[in-house]
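*Asks:* What follows is a structure written as structure tokens; I'll ask about it next.
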Number of protein chains: 2
Amino acid sequence: MATINQQILLASRPEGEPSADNFKLVEKPVPELAEGDVLVRNQWLSLDPYMLGRMNEGKSYAQPQPLDEVMIGGTAGEVVASRNAHFQVGDKVVGMGGWQQYQLVSGAQRGVLQKVDTARIPLSAYLGAVGMPGVTAWYGLVKIIAPREGETVVVSAASGAVGGAVGQLAKARGARVVGIAGGPDKCAYVKDELGFDECIDYKPLKDLKSLSTALKAACPKGIDGHFENVGGLILDAVMLRANAFSRIAFCGMISGYNGEPIPMQNPSLILVNRMKLEGFIVSEHMEIWPEALKELGTMVATGKLKYRESVADGLAAAPEAFLGLLKGRNFGKQLVKLY
Amino acid sequence: MATINQQILLASRPEGEPSADNFKLVEKPVPELAEGDVLVRNQWLSLDPYMLGRMNEGKSYAQPQPLDEVMIGGTAGEVVASRNAHFQVGDKVVGMGGWQQYQLVSGAQRGVLQKVDTARIPLSAYLGAVGMPGVTAWYGLVKIIAPREGETVVVSAASGAVGGAVGQLAKARGARVVGIAGGPDKCAYVKDELGFDECIDYKPLKDLKSLSTALKAACPKGIDGHFENVGGLILDAVMLRANAFSRIAFCGMISGYNGEPIPMQNPSLILVNRMKLEGFIVSEHMEIWPEALKELGTMVATGKLKYRESVADGLAAAPEAFLGLLKGRNFGKQLVKLY
């Protein structure tokens, strides 16, 4: 009897906010392996904000996710059958397996599976601190912010997979690091577990002035670098405290109600403070991945890069977990455990 | 009888818009030269927007202009008396002589006068195309925008001293160059005399949509680089047409009514288009001046860098000429001819 593969497809595009109705769970038998094929059983699925952009048509820089096809997504799993000399049953691999339990890779698709070593690094970390979120943090911090020792770096969404890595990489470079996160629990984690110097709970700070005042207290020497995962009020408040020659890496930007853009209140500060603002997508900078993964992997293996995971149980839980991620309900890297 | 030196002092700081009342013309005898002194008779005074920032207190990155002292300003003139072995009567020099007819430089003030060669370059050009405006254009274009052949570069205030040089430097690098200027005369000059590919008259284009539509027509392949001398609506419209990996150099930003900041409407485009935005002040990058001046000087001497001057006659005309500059009434580099 054939193995059954549960999959989640994009059933419809969101009108306004996405909902669970946009997804559809289906079951399909896993095909027989042809010569060269590798079958992976995915243990972990990564849920990431970029997926929302793919659900819509033409609003993002990337190709939209086709309807009625398996949702795109990063996965980590184990080879369970192989007719390919490069892969053996039991090999641990990461890839873009999508929202499904099994991934069949043909011999012609070269480079879609990377073998990883789980001796000192947990498999799931290859979807987080030693995967795309970690490399995203590394690129924005090292290549755009490039902090010097003693400079002050601010990170929004500091308890998340990206933000947490940004701060720890910045600390390793001798910077003073200030996180911004939502709620006392996340702030305590950012300070006490991740080792940031300060963490600002933005939730009670409802206007520009109160947020800017809190930043002033946490950053007595001003702000030299900022890793922006959020935008809006946080961006405006950071710019008010930015030093001359400060740098902002743009990694994530929320939209306002109904998806309209949120203005930047005072762009003339870019000139007054001779700032550099730069947006990036880490998948466009593959040349830096080996260097970044080497540092991130070593830090995880030696306990110097800490992270937290929010784990949803089973593929069927993926849509609700994804919607929760968009609302900031996760605490650390959002994963789905598939088996 | 002592030579009389006319000077213009800052009499008061502007409340709201500056006016002629903020300035005061005085006369002072030129002192006798001590050993080491050089006396320069200034032939040309440069008027520049940065002076407005200096007139106010604490609103700019630079030190404010002190009250009751000679207004700051770049000058070009001729040595008329010298007790310094490094300077001879007849030498042509440029410096920051201020709004006055004569400048006495002591031997202890080294480096404040630069001797220039007027064999193939007119003296006044050292205040424009081969001076600070030219180097400003060069830095923003070469170091921030860094256009590749075939890319499209947009320049606001294109008929000005900086904007005109930006476009011609970009053309020399094989870019398609589109100017933005106010009125048909300035646009005709930008296209026909300076050799830009297109020039958009922003005056009839009162909203974002019409300006963005005009930019789309003038930039069929989108915008790869933008040199921002203005900000506001123009910046927003350019960002709507910006290509992936485009660069914006921030050189000048207007304020709104009453000096409040004008928001940037859609900063999330920085991320969507992976843009780089960078503000700069050319006086902070002295290391590039020799390279920039070499290219600019060669281009002026060989007729490849064209420019226009608006000349006010006599020191007493400087305040009105400066106020006109702030309102865009000049056409090309604003100078005052002092003798």
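By order in the structure tokens, chains are A, B, ...; within a chain, residues start at 1; ligands start at 1, following the order shown.
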Could you write out as a list in words the residues of chain B within 6 Å of chain A, counting only C-alpha atoms?
*Replies:*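 Matching residues, ligands excluded from the count: Phe250, Met253, Pro261, Pro263, Met264, Gln265, Asn266, Ser268, Ile270, Leu271, Arg274, Met275, Lys276, Leu277, Glu278, Gly279 and Phe280 of chain B.
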*Asks:* Can you list, as an mmCIF file with N, CA and C atoms, in the first residue's frame, every protein, DNA or RNA residue that comes within 10 Å of B:Pro122 when you count only C-alpha atoms, leaving out same-chain residues fewer than 6 positions away?
*Replies:*
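As written to disk, result_19.cif reads:
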```cif
data_model
loop_
_atom_site.group_PDB
_atom_site.id
_atom_site.type_symbol
_atom_site.label_atom_id
_atom_site.label_comp_id
_atom_site.auth_asym_id
_atom_site.auth_seq_id
_atom_site.Cartn_x
_atom_site.Cartn_y
_atom_site.Cartn_z
ATOM 1 N N VAL B 116 44.427 78.841 -7.537
ATOM 2 C CA VAL B 116 43.797 78.126 -8.652
ATOM 3 C C VAL B 116 44.333 78.666 -9.967
ATOM 4 N N VAL B 130 33.560 73.491 -10.563
ATOM 5 C CA VAL B 130 34.855 72.983 -10.109
ATOM 6 C C VAL B 130 35.055 73.347 -8.631
ATOM 7 N N VAL B 300 35.305 70.840 -17.483
ATOM 8 C CA VAL B 300 35.016 72.255 -17.737
ATOM 9 C C VAL B 300 35.994 72.807 -18.772
ATOM 10 N N ALA B 301 37.264 72.483 -18.603
ATOM 11 C CA ALA B 301 38.288 73.022 -19.512
ATOM 12 C C ALA B 301 38.073 72.559 -20.946
#
```
*Asks:* Using the chain letters and numbers from this document, which residues of stretch 10-254 of chain B does DSSP assign to strand (DSSP E), as an NGL selection string?
*Replies:* :B and (10 or 23-29 or 38-46 or 75-82 or 92-95 or 102-105 or 113-115 or 152-156 or 176-181 or 198-201 or 223-228 or 242-250)
*Asks:* Could you tell me how far atom CA of A:Val135 sits from atom CA of A:Ala188, in Å to one decimal place?
*Replies:* 24.5 Å
*Asks:* Measuring atom to atom with only C-alpha atoms, identify which of A:Val238, A:Ala129, A:Val30, A:Ala318 is nearest to A:Gly222.
*Replies:*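 Answer, going by the shortest atom-to-atom distance: A:Val238.
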*Asks:* Please identify all polymer residues within 9 Å of A:Gly77, counting only C-alpha atoms, omitting same-chain residues fewer than 6 positions from it, and present them as a list in words.
*Replies:*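 After dropping sequence-adjacent residues, the list is Val40, Arg41, Asn42, Gln43, Trp44, Leu45, Asp91, Lys92, Val93, Val94, Gly95, Tyr102, Leu123 and Ser124 of chain A.
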*Asks:* I need the residues from that last selection saved to file as an mmCIF file, in the first residue's frame (with C-alpha atoms), if you can.
*Replies:*
```
data_model
loop_
_atom_site.group_PDB
_atom_site.id
_atom_site.type_symbol
_atom_site.label_atom_id
_atom_site.label_comp_id
_atom_site.auth_asym_id
_atom_site.auth_seq_id
_atom_site.Cartn_x
_atom_site.Cartn_y
_atom_site.Cartn_z
ATOM 1 C CA VAL A 40 12.430 12.761 2.330
ATOM 2 C CA ARG A 41 10.109 12.574 5.304
ATOM 3 C CA ASN A 42 9.901 16.127 6.581
ATOM 4 C CA GLN A 43 10.219 16.403 10.329
ATOM 5 C CA TRP A 44 10.072 20.191 10.580
ATOM 6 C CA LEU A 45 8.295 22.871 8.572
ATOM 7 C CA ASP A 91 20.674 11.269 5.948
ATOM 8 C CA LYS A 92 19.408 14.487 7.516
ATOM 9 C CA VAL A 93 18.565 17.126 4.919
ATOM 10 C CA VAL A 94 17.087 20.607 4.614
ATOM 11 C CA GLY A 95 15.295 22.003 1.607
ATOM 12 C CA TYR A 102 6.923 13.916 2.232
ATOM 13 C CA LEU A 123 17.964 19.531 13.014
ATOM 14 C CA SER A 124 15.340 22.228 13.613
#
```
*Asks:* Which residues in stretch 149-254 of chain B does DSSP call alpha helix (DSSP H)? List them as a ChimeraX atom specification.
*Replies:* /B:161-172,184-188,208-218,233-240
*Asks:* With N, CA and C atoms kept, could you save the residues just selected as a CSV table (one decimal), in the first residue's frame?
*Replies:*
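part.csv, written as the output of this step:
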```csv
chain,number,residue,atom,x,y,z
B,161,ALA,N,23.3,74.3,-10.0
B,161,ALA,CA,24.7,74.1,-10.1
B,161,ALA,C,25.0,72.6,-9.8
B,162,VAL,N,24.4,72.0,-8.8
B,162,VAL,CA,24.6,70.6,-8.4
B,162,VAL,C,23.9,69.7,-9.4
B,163,GLY,N,22.6,69.9,-9.6
B,163,GLY,CA,21.9,69.0,-10.5
B,163,GLY,C,22.4,69.0,-11.9
B,164,GLY,N,22.8,70.1,-12.5
B,164,GLY,CA,23.3,70.1,-13.8
B,164,GLY,C,24.6,69.3,-13.9
B,165,ALA,N,25.4,69.4,-12.9
B,165,ALA,CA,26.7,68.6,-12.9
B,165,ALA,C,26.4,67.1,-12.7
B,166,VAL,N,25.4,66.8,-11.9
B,166,VAL,CA,25.1,65.3,-11.7
B,166,VAL,C,24.7,64.7,-13.0
B,167,GLY,N,23.8,65.4,-13.8
B,167,GLY,CA,23.4,64.8,-15.0
B,167,GLY,C,24.5,64.6,-16.0
B,168,GLN,N,25.3,65.6,-16.1
B,168,GLN,CA,26.4,65.5,-17.1
B,168,GLN,C,27.5,64.5,-16.7
B,169,LEU,N,27.7,64.4,-15.4
B,169,LEU,CA,28.6,63.3,-15.0
B,169,LEU,C,28.0,61.9,-15.2
B,170,ALA,N,26.7,61.8,-15.1
B,170,ALA,CA,26.0,60.6,-15.3
B,170,ALA,C,26.0,60.2,-16.8
B,171,LYS,N,25.7,61.2,-17.6
B,171,LYS,CA,25.8,61.0,-19.1
B,171,LYS,C,27.2,60.5,-19.5
B,172,ALA,N,28.2,61.1,-18.9
B,172,ALA,CA,29.6,60.7,-19.2
B,172,ALA,C,29.8,59.2,-18.8
B,184,PRO,N,9.3,75.7,-18.3
B,184,PRO,CA,9.8,75.3,-19.6
B,184,PRO,C,11.2,75.9,-20.0
B,185,ASP,N,11.6,77.0,-19.5
B,185,ASP,CA,12.9,77.6,-19.8
B,185,ASP,C,14.0,76.7,-19.2
B,186,LYS,N,13.8,76.4,-17.9
B,186,LYS,CA,14.8,75.6,-17.3
B,186,LYS,C,14.9,74.2,-17.9
B,187,CYS,N,13.7,73.7,-18.2
B,187,CYS,CA,13.7,72.3,-18.9
B,187,CYS,C,14.4,72.3,-20.2
B,188,ALA,N,14.1,73.4,-21.0
B,188,ALA,CA,14.8,73.5,-22.3
B,188,ALA,C,16.3,73.5,-22.2
B,208,LEU,N,0.9,63.5,-6.7
B,208,LEU,CA,1.8,62.3,-6.8
B,208,LEU,C,1.6,61.6,-8.1
B,209,LYS,N,0.3,61.4,-8.4
B,209,LYS,CA,-0.1,60.6,-9.6
B,209,LYS,C,0.5,61.2,-10.9
B,210,SER,N,0.3,62.5,-11.1
B,210,SER,CA,0.7,63.1,-12.3
B,210,SER,C,2.2,63.1,-12.4
B,211,LEU,N,2.9,63.4,-11.3
B,211,LEU,CA,4.3,63.4,-11.3
B,211,LEU,C,4.9,62.0,-11.6
B,212,SER,N,4.3,61.0,-11.0
B,212,SER,CA,4.7,59.6,-11.2
B,212,SER,C,4.4,59.1,-12.6
B,213,THR,N,3.3,59.6,-13.2
B,213,THR,CA,3.0,59.3,-14.6
B,213,THR,C,4.0,59.9,-15.5
B,214,ALA,N,4.4,61.1,-15.3
B,214,ALA,CA,5.4,61.8,-16.1
B,214,ALA,C,6.8,61.1,-16.0
B,215,LEU,N,7.1,60.6,-14.8
B,215,LEU,CA,8.4,59.9,-14.6
B,215,LEU,C,8.3,58.5,-15.3
B,216,LYS,N,7.2,57.9,-15.3
B,216,LYS,CA,7.0,56.6,-16.0
B,216,LYS,C,7.3,56.8,-17.5
B,217,ALA,N,6.8,57.9,-18.1
B,217,ALA,CA,7.0,58.1,-19.5
B,217,ALA,C,8.4,58.4,-19.8
B,218,ALA,N,9.1,59.2,-18.9
B,218,ALA,CA,10.4,59.6,-19.2
B,218,ALA,C,11.4,58.5,-18.8
B,233,LEU,N,7.1,65.6,-2.6
B,233,LEU,CA,6.4,64.9,-3.6
B,233,LEU,C,7.3,64.2,-4.7
B,234,ILE,N,8.4,64.9,-5.0
B,234,ILE,CA,9.3,64.4,-6.0
B,234,ILE,C,9.9,63.0,-5.5
B,235,LEU,N,10.3,63.0,-4.2
B,235,LEU,CA,10.9,61.8,-3.7
B,235,LEU,C,9.9,60.7,-3.7
B,236,ASP,N,8.7,61.0,-3.3
B,236,ASP,CA,7.6,59.9,-3.3
B,236,ASP,C,7.4,59.4,-4.7
B,237,ALA,N,7.3,60.3,-5.7
B,237,ALA,CA,7.1,59.9,-7.1
B,237,ALA,C,8.2,59.1,-7.6
B,238,VAL,N,9.4,59.4,-7.3
B,238,VAL,CA,10.6,58.7,-7.8
B,238,VAL,C,10.6,57.3,-7.2
B,239,MET,N,10.2,57.2,-5.9
B,239,MET,CA,10.2,55.9,-5.2
B,239,MET,C,9.2,54.9,-5.9
B,240,LEU,N,8.1,55.5,-6.3
B,240,LEU,CA,7.1,54.6,-7.0
B,240,LEU,C,7.6,54.0,-8.3
```
*Asks:* Could you name the residues that touch B:Thr152 at 6 Å or less, counting only C-alpha atoms, but leaving out those on the same chain fewer than 3 positions away, as a list in words?
*Replies:*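 Residues near the query, excluding close chain neighbours: Ala175, Arg176, Val177, Ile223 and Asp224 of chain B.
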*Asks:* Calculate how many Å separate atom CA of A:Gly16 from atom CA of A:Ala137, rounding to one decimal.
*Replies:* 29.1 Å
*Asks:* Find the spatial neighbours of stretch 19-25 of chain B, counting only C-alpha atoms, within a cut-off of 6 Å - ignore same-chain residues fewer than 2 positions away - and output them as an MDAnalysis selection string.
*Replies:* chainID B and resid 7:12 319
*Asks:* Residues within 10 Å of B:Val336, please, as a list in words. Count only C-alpha atoms; anything in the same chain fewer than 3 positions from it doesn't count.
*Replies:* Gln43, Trp44, Leu45, Ser46, Leu47, Thr75, Trp99, Ser124, Glu309, Ser310, Val311, Ala312, Asp313, Gly314, Leu315, Ala316, Ala317, Ala318, Pro319, Ala321, Phe322 and Tyr339 of chain B
*Asks:* Could you write out the selected residues, including N, CA and C atoms, as a PDB file, in the first residue's frame?
*Replies:*
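Printed below is part_14.pdb as written:
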```pdb
ATOM      1  N   GLN B  43      36.468  88.638  -5.769  1.00  0.00           N
ATOM      2  CA  GLN B  43      35.753  89.018  -6.990  1.00  0.00           C
ATOM      3  C   GLN B  43      34.377  88.373  -7.032  1.00  0.00           C
ATOM      4  N   TRP B  44      34.278  87.171  -6.514  1.00  0.00           N
ATOM      5  CA  TRP B  44      33.032  86.414  -6.570  1.00  0.00           C
ATOM      6  C   TRP B  44      32.679  85.879  -5.189  1.00  0.00           C
ATOM      7  N   LEU B  45      31.392  85.993  -4.855  1.00  0.00           N
ATOM      8  CA  LEU B  45      30.843  85.367  -3.646  1.00  0.00           C
ATOM      9  C   LEU B  45      29.817  84.327  -4.086  1.00  0.00           C
ATOM     10  N   SER B  46      29.897  83.149  -3.508  1.00  0.00           N
ATOM     11  CA  SER B  46      28.945  82.075  -3.810  1.00  0.00           C
ATOM     12  C   SER B  46      27.786  82.123  -2.821  1.00  0.00           C
ATOM     13  N   LEU B  47      26.560  82.031  -3.327  1.00  0.00           N
ATOM     14  CA  LEU B  47      25.389  81.925  -2.442  1.00  0.00           C
ATOM     15  C   LEU B  47      24.852  80.503  -2.538  1.00  0.00           C
ATOM     16  N   THR B  75      34.317  82.167  -1.560  1.00  0.00           N
ATOM     17  CA  THR B  75      34.702  83.315  -2.372  1.00  0.00           C
ATOM     18  C   THR B  75      35.848  82.942  -3.307  1.00  0.00           C
ATOM     19  N   TRP B  99      30.794  87.052   3.195  1.00  0.00           N
ATOM     20  CA  TRP B  99      30.094  88.095   2.445  1.00  0.00           C
ATOM     21  C   TRP B  99      30.813  89.428   2.659  1.00  0.00           C
ATOM     22  N   SER B 124      35.274  82.053 -11.609  1.00  0.00           N
ATOM     23  CA  SER B 124      33.984  81.808 -10.946  1.00  0.00           C
ATOM     24  C   SER B 124      33.619  80.327 -10.926  1.00  0.00           C
ATOM     25  N   GLU B 309      25.364  80.662 -14.791  1.00  0.00           N
ATOM     26  CA  GLU B 309      25.497  81.439 -13.564  1.00  0.00           C
ATOM     27  C   GLU B 309      24.430  82.521 -13.522  1.00  0.00           C
ATOM     28  N   SER B 310      23.876  82.730 -12.342  1.00  0.00           N
ATOM     29  CA  SER B 310      23.033  83.902 -12.078  1.00  0.00           C
ATOM     30  C   SER B 310      23.896  84.860 -11.272  1.00  0.00           C
ATOM     31  N   VAL B 311      24.132  86.031 -11.810  1.00  0.00           N
ATOM     32  CA  VAL B 311      25.078  86.941 -11.175  1.00  0.00           C
ATOM     33  C   VAL B 311      24.360  88.175 -10.635  1.00  0.00           C
ATOM     34  N   ALA B 312      24.464  88.384  -9.332  1.00  0.00           N
ATOM     35  CA  ALA B 312      23.964  89.617  -8.715  1.00  0.00           C
ATOM     36  C   ALA B 312      25.120  90.611  -8.663  1.00  0.00           C
ATOM     37  N   ASP B 313      24.812  91.870  -8.824  1.00  0.00           N
ATOM     38  CA  ASP B 313      25.868  92.862  -9.002  1.00  0.00           C
ATOM     39  C   ASP B 313      26.136  93.632  -7.712  1.00  0.00           C
ATOM     40  N   GLY B 314      27.258  93.360  -7.121  1.00  0.00           N
ATOM     41  CA  GLY B 314      27.689  94.122  -5.945  1.00  0.00           C
ATOM     42  C   GLY B 314      27.216  93.495  -4.644  1.00  0.00           C
ATOM     43  N   LEU B 315      28.033  93.682  -3.598  1.00  0.00           N
ATOM     44  CA  LEU B 315      27.755  93.033  -2.317  1.00  0.00           C
ATOM     45  C   LEU B 315      26.371  93.380  -1.769  1.00  0.00           C
ATOM     46  N   ALA B 316      25.941  94.622  -1.959  1.00  0.00           N
ATOM     47  CA  ALA B 316      24.656  95.046  -1.395  1.00  0.00           C
ATOM     48  C   ALA B 316      23.494  94.238  -1.958  1.00  0.00           C
ATOM     49  N   ALA B 317      23.695  93.632  -3.134  1.00  0.00           N
ATOM     50  CA  ALA B 317      22.623  92.844  -3.756  1.00  0.00           C
ATOM     51  C   ALA B 317      22.570  91.415  -3.224  1.00  0.00           C
ATOM     52  N   ALA B 318      23.510  91.037  -2.356  1.00  0.00           N
ATOM     53  CA  ALA B 318      23.604  89.640  -1.916  1.00  0.00           C
ATOM     54  C   ALA B 318      22.360  89.148  -1.158  1.00  0.00           C
ATOM     55  N   PRO B 319      21.833  89.943  -0.191  1.00  0.00           N
ATOM     56  CA  PRO B 319      20.676  89.417   0.542  1.00  0.00           C
ATOM     57  C   PRO B 319      19.491  89.084  -0.372  1.00  0.00           C
ATOM     58  N   ALA B 321      19.533  88.419  -3.538  1.00  0.00           N
ATOM     59  CA  ALA B 321      19.901  87.278  -4.386  1.00  0.00           C
ATOM     60  C   ALA B 321      19.801  85.974  -3.604  1.00  0.00           C
ATOM     61  N   PHE B 322      20.180  86.019  -2.337  1.00  0.00           N
ATOM     62  CA  PHE B 322      20.095  84.815  -1.503  1.00  0.00           C
ATOM     63  C   PHE B 322      18.636  84.409  -1.283  1.00  0.00           C
ATOM     64  N   TYR B 339      33.436  92.859  -7.615  1.00  0.00           N
ATOM     65  CA  TYR B 339      34.080  93.998  -8.319  1.00  0.00           C
ATOM     66  C   TYR B 339      34.276  93.621  -9.770  1.00  0.00           C
TER      67      TYR B 339
END
```
*Asks:* Kindly give the distance, in Å, that separates atom CA of B:Gly90 and atom CA of B:Gly36, rounded to a single decimal.
*Replies:*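 A separation of 16.5 Å between them.
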*Asks:* Between B:Cys219, B:Val79, B:Val154, B:Ala119, which is the closest to B:Leu39 once you count only C-alpha atoms?
*Replies:*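 Result for the nearest residue to B:Leu39: B:Val79.
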